[in-house]
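Undergrad: The following block contains the structure, expressed as structure tokens.
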Amino acid sequence: MASLRILTLPLTTLILALFVRIIFAVVYHRRKRRNSVGFFHPYTNDGGGGERVLWCAVKAVQEESPDLDCVVYTGDHDASPESLAARAIDRFGVELIRRPKVVHLYKRKWIDETTYPRFTMICQSLGSMYLSWEALCAYTPLYYFDTSGLDMLSRVNARNSMYNNDTLIAKSAFFSQCKVIYYKLFSLMYGIVGSHAHLTMVNSSWTQSHIQKLWGIPDRIKRVYPPCDTSGLQMLALERSMEPIKIISVAQFRPEKAHLLQLEAYAAAVKILDSDLPRPRLQFVGSCRNEADEKRLQHLKDRTKELELDSDVEFHKNVTYSELVSLLGGAAVGIHSMVDEHFGISVVEYMAAGAIPIAHNSAGPKMDIVLPEDGKQTGFLAKTLEEYADAILSIIRMPASQRLEMATAARKRASHFSEQRFYQDFKSAVRPIMSNTAHSVT
């Protein structure tokens, strides 16, 4: 306990000092405040679901309050109002009413996980405060949206999965003890900061329950499902060629997306596939944010060769939105394997496009998405390699009529998470605070 106190005191002092500096910066700069809304999103080129949320949120604010400027805080130094507006259309099909203003951040490395080989989450949290201070000093908006908060919580879950490895924990009892202290400190700090938010929007039932427990502000938490292009994808034909059956995986090439599990499950299914059934193809579709992602993608390709599946597996990197729609339109199955993903936009996209989902049996997909619709099954949930392989085989072996019935039910289920619903719920959540005096929104 003595060592815990020694560790906590300077950390708490540092946190309070940083908060004081941020408060002074906000007070000083609000004297020069313009009518604007700030969106804190340091990575505007990640190509994931978080970026889609960013652009739909910007558009929602533009529709709700046309007189307010939207300012995007980004660490991507090549980002410009023109390039970001074009990216919103090309990558996500979101057409902004007008181009956003851009504030470049130069201290983004302090939130990069590669900067901290140990105690990553706490160090990233402190780094995010430093980065926020830079943002507020550079330009202080009337309202402030932090669209990166749930990404941080996602990385906590991913890091938890890595540290739960028995071999790693067995290295030393000291490391295991540090791990416990580490997560207690992070949870405490995260809870203190979050409890001061005027409004918190969460993207799923699973996230809502966790944030309510951590932050203790249930009356200031609103569940707003992420924007999914269900209307556009629902225009795709439900009946499609099954020769060959195509299995699509849409996800950034990040470690928590567990692409190797998908590949190994596919290999296991193909190995025991009935000889009279068509051999399916597996399509990996995703973006690479950095060199680490590129290495993961290459490792996936190398493993594909080792399994002698070169002719059966495709890789599509950094595709445009129109290319993604085309690929989804040809897929019969959509696979997802991230543990405890808060929501799972890709799973909804599979369902809206007419592909039967095989999603991880946890969090968003389990609690909100892959649920029965009108009493009919809408997809499969799995955890282990064997469960994924069994689900793949079950869909391949289905009669065409049963597969069509499930795909139809899945598409209807996906309509609950439309882009239009996001706009309605988002505007409803922010309208009360945006009609009052300046507030900080997480």
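A note on labels: chains of the structure tokens are A, B, ... as shown, every chain counts residues from 1, and ligands are counted from 1 in their shown order.
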May I have the residues within 9 Å of Lys383 of chain A as a list in words, using only C-alpha atoms and disregarding those fewer than 5 positions away in the same chain?

TA: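 Once the adjacent positions are removed, what remains is Ser337, Val339, Ala359, His360, Asn361, Ser362 and Tyr388 of chain A.
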
Undergrad: Distance atom CA of Arg403 of chain A-atom CA of Asp340 of chain A, one decimal place?

TA: 27.1 Å

Undergrad: Please provide the set of residues having any atom within 12 Å of Met406 of chain A, restricted to only C-alpha atoms, with same-chain residues fewer than 3 positions apart removed, written as an MDAnalysis selection string.

TA: chainID A and resid 238:239 332:333 351:352 354:357 370:380 395 398:403 409:413

Undergrad: Would you write out those residues with N, CA and C atoms, as a short mmCIF file (atom, residue, chain, number, x, y, z; two decimals), in the first residue's frame?

TA:
data_model
loop_
_atom_site.label_atom_id
_atom_site.label_comp_id
_atom_site.auth_asym_id
_atom_site.auth_seq_id
_atom_site.Cartn_x
_atom_site.Cartn_y
_atom_site.Cartn_z
N LEU A 238 -30.55 -8.78 -52.90
CA LEU A 238 -30.36 -9.82 -51.89
C LEU A 238 -29.91 -11.13 -52.52
N GLU A 239 -30.44 -11.43 -53.69
CA GLU A 239 -30.04 -12.66 -54.39
C GLU A 239 -28.78 -12.37 -55.19
N ALA A 332 -21.71 -13.04 -49.57
CA ALA A 332 -22.82 -13.77 -48.96
C ALA A 332 -22.67 -13.83 -47.45
N VAL A 333 -21.43 -13.66 -46.98
CA VAL A 333 -21.12 -13.76 -45.55
C VAL A 333 -20.21 -12.60 -45.15
N MET A 351 -25.11 -6.74 -42.78
CA MET A 351 -26.53 -7.09 -42.74
C MET A 351 -27.34 -6.25 -43.72
N ALA A 352 -27.05 -4.94 -43.77
CA ALA A 352 -27.77 -4.06 -44.69
C ALA A 352 -27.50 -4.44 -46.14
N GLY A 354 -26.92 -7.40 -47.24
CA GLY A 354 -27.46 -8.72 -47.58
C GLY A 354 -26.51 -9.86 -47.29
N ALA A 355 -25.41 -9.58 -46.61
CA ALA A 355 -24.46 -10.63 -46.22
C ALA A 355 -24.79 -11.10 -44.80
N ILE A 356 -24.86 -12.39 -44.60
CA ILE A 356 -25.16 -12.94 -43.27
C ILE A 356 -23.95 -12.75 -42.37
N PRO A 357 -24.12 -12.11 -41.20
CA PRO A 357 -22.97 -11.84 -40.34
C PRO A 357 -22.56 -13.01 -39.45
N VAL A 370 -26.84 -8.38 -33.64
CA VAL A 370 -27.23 -9.71 -34.17
C VAL A 370 -28.29 -10.32 -33.25
N LEU A 371 -29.46 -9.73 -33.30
CA LEU A 371 -30.60 -10.18 -32.51
C LEU A 371 -31.72 -10.62 -33.44
N PRO A 372 -32.62 -11.47 -32.99
CA PRO A 372 -33.73 -11.92 -33.85
C PRO A 372 -34.59 -10.73 -34.30
N GLU A 373 -35.09 -10.82 -35.50
CA GLU A 373 -35.99 -9.80 -36.05
C GLU A 373 -37.28 -10.50 -36.48
N ASP A 374 -38.37 -10.11 -35.83
CA ASP A 374 -39.66 -10.78 -36.07
C ASP A 374 -39.55 -12.28 -35.81
N GLY A 375 -38.75 -12.63 -34.80
CA GLY A 375 -38.61 -14.03 -34.42
C GLY A 375 -37.70 -14.84 -35.33
N LYS A 376 -37.03 -14.18 -36.29
CA LYS A 376 -36.17 -14.90 -37.24
C LYS A 376 -34.70 -14.60 -36.97
N GLN A 377 -33.87 -15.63 -37.17
CA GLN A 377 -32.43 -15.49 -36.96
C GLN A 377 -31.83 -14.51 -37.96
N THR A 378 -30.92 -13.66 -37.51
CA THR A 378 -30.31 -12.67 -38.39
C THR A 378 -28.82 -12.90 -38.62
N GLY A 379 -28.25 -13.92 -38.01
CA GLY A 379 -26.83 -14.19 -38.19
C GLY A 379 -26.30 -15.13 -37.14
N PHE A 380 -24.98 -15.17 -37.01
CA PHE A 380 -24.33 -16.09 -36.08
C PHE A 380 -23.38 -15.32 -35.15
N ILE A 395 -23.53 -21.75 -43.08
CA ILE A 395 -24.07 -20.87 -44.13
C ILE A 395 -23.86 -21.47 -45.51
N MET A 398 -26.41 -24.16 -46.19
CA MET A 398 -27.82 -23.77 -46.17
C MET A 398 -28.46 -23.87 -47.55
N PRO A 399 -29.71 -24.30 -47.60
CA PRO A 399 -30.45 -24.19 -48.85
C PRO A 399 -30.59 -22.72 -49.23
N ALA A 400 -30.66 -22.43 -50.50
CA ALA A 400 -30.72 -21.04 -50.96
C ALA A 400 -31.89 -20.28 -50.35
N SER A 401 -33.01 -20.94 -50.17
CA SER A 401 -34.20 -20.28 -49.62
C SER A 401 -33.99 -19.88 -48.16
N GLN A 402 -33.32 -20.72 -47.39
CA GLN A 402 -33.06 -20.42 -45.98
C GLN A 402 -32.05 -19.28 -45.85
N ARG A 403 -31.05 -19.31 -46.73
CA ARG A 403 -30.05 -18.25 -46.71
C ARG A 403 -30.69 -16.90 -47.05
N ALA A 409 -34.05 -11.05 -43.06
CA ALA A 409 -34.27 -10.67 -41.66
C ALA A 409 -33.12 -9.80 -41.16
N ALA A 410 -31.90 -10.13 -41.57
CA ALA A 410 -30.73 -9.34 -41.16
C ALA A 410 -30.82 -7.93 -41.72
N ARG A 411 -31.24 -7.80 -42.96
CA ARG A 411 -31.38 -6.47 -43.56
C ARG A 411 -32.42 -5.63 -42.83
N LYS A 412 -33.52 -6.24 -42.45
CA LYS A 412 -34.54 -5.51 -41.71
C LYS A 412 -34.02 -5.08 -40.35
N ARG A 413 -33.24 -5.94 -39.71
CA ARG A 413 -32.65 -5.61 -38.41
C ARG A 413 -31.69 -4.42 -38.54
#

Undergrad: Enumerate as a ChimeraX atom specification all residues of segment 195-321 of chain A assigned to strand (DSSP E or B) by DSSP on the backbone, naming them with the chain letters and numbers the document uses.

TA: /A:200-202,221-223,228,246-250,281-286,313-317

Undergrad: Contacts of segment 422-438 of chain A at 8 Å or less, counting only C-alpha atoms, minus same-chain residues fewer than 6 places along, as a list in words?

TA: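 Residues near the query, excluding close chain neighbours: Cys56, Ala57, Ala60, Val61, Glu64, Leu142, Tyr143, Leu199, Met201, Lys222, Val224, Tyr225, Pro226 and Pro227 of chain A.
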
Undergrad: Residues of segment 41-69 of chain A within 8 Å of segment 283-297 of chain A: nearest atom pair and distance (Å, one decimal) for each, counting only C-alpha atoms, sorted by chain and number, as a tab-separated table?

TA:
residue	atom	partner	partner_atom	distance
A:Asn45	CA	A:Arg289	CA	7.2
A:Asp46	CA	A:Arg289	CA	5.4
A:Gly47	CA	A:Ser287	CA	6.1
A:Gly48	CA	A:Ser287	CA	7.7

Undergrad: Can you spit out the residues from that selection as an mmCIF file, in the first residue's frame, using C-alpha atoms?

TA:
data_model
loop_
_atom_site.group_PDB
_atom_site.id
_atom_site.type_symbol
_atom_site.label_atom_id
_atom_site.label_comp_id
_atom_site.auth_asym_id
_atom_site.auth_seq_id
_atom_site.Cartn_x
_atom_site.Cartn_y
_atom_site.Cartn_z
ATOM 1 C CA ASN A 45 -7.247 9.374 -41.726
ATOM 2 C CA ASP A 46 -7.808 6.111 -39.862
ATOM 3 C CA GLY A 47 -10.608 5.006 -42.176
ATOM 4 C CA GLY A 48 -12.541 3.273 -39.389
#

Undergrad: For a quick check of understanding, using only C-alpha atoms, which of A:Tyr43, A:Glu256, A:Asp90, A:Ile97 has the smallest distance to Thr74 of chain A?

TA: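 That would be A:Tyr43, the residue with the smallest distance to Thr74 of chain A.
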
Undergrad: So that I can check the surroundings of Pro100 of chain A, please list as number ranges by chain every protein, DNA and RNA residue that reaches within 10 Å of it, counting only C-alpha atoms and ignoring chain neighbours fewer than 2 positions away.

TA: A: 37-39, 55, 58-59, 62, 69-72, 80-82, 84-85, 96-98, 102-103
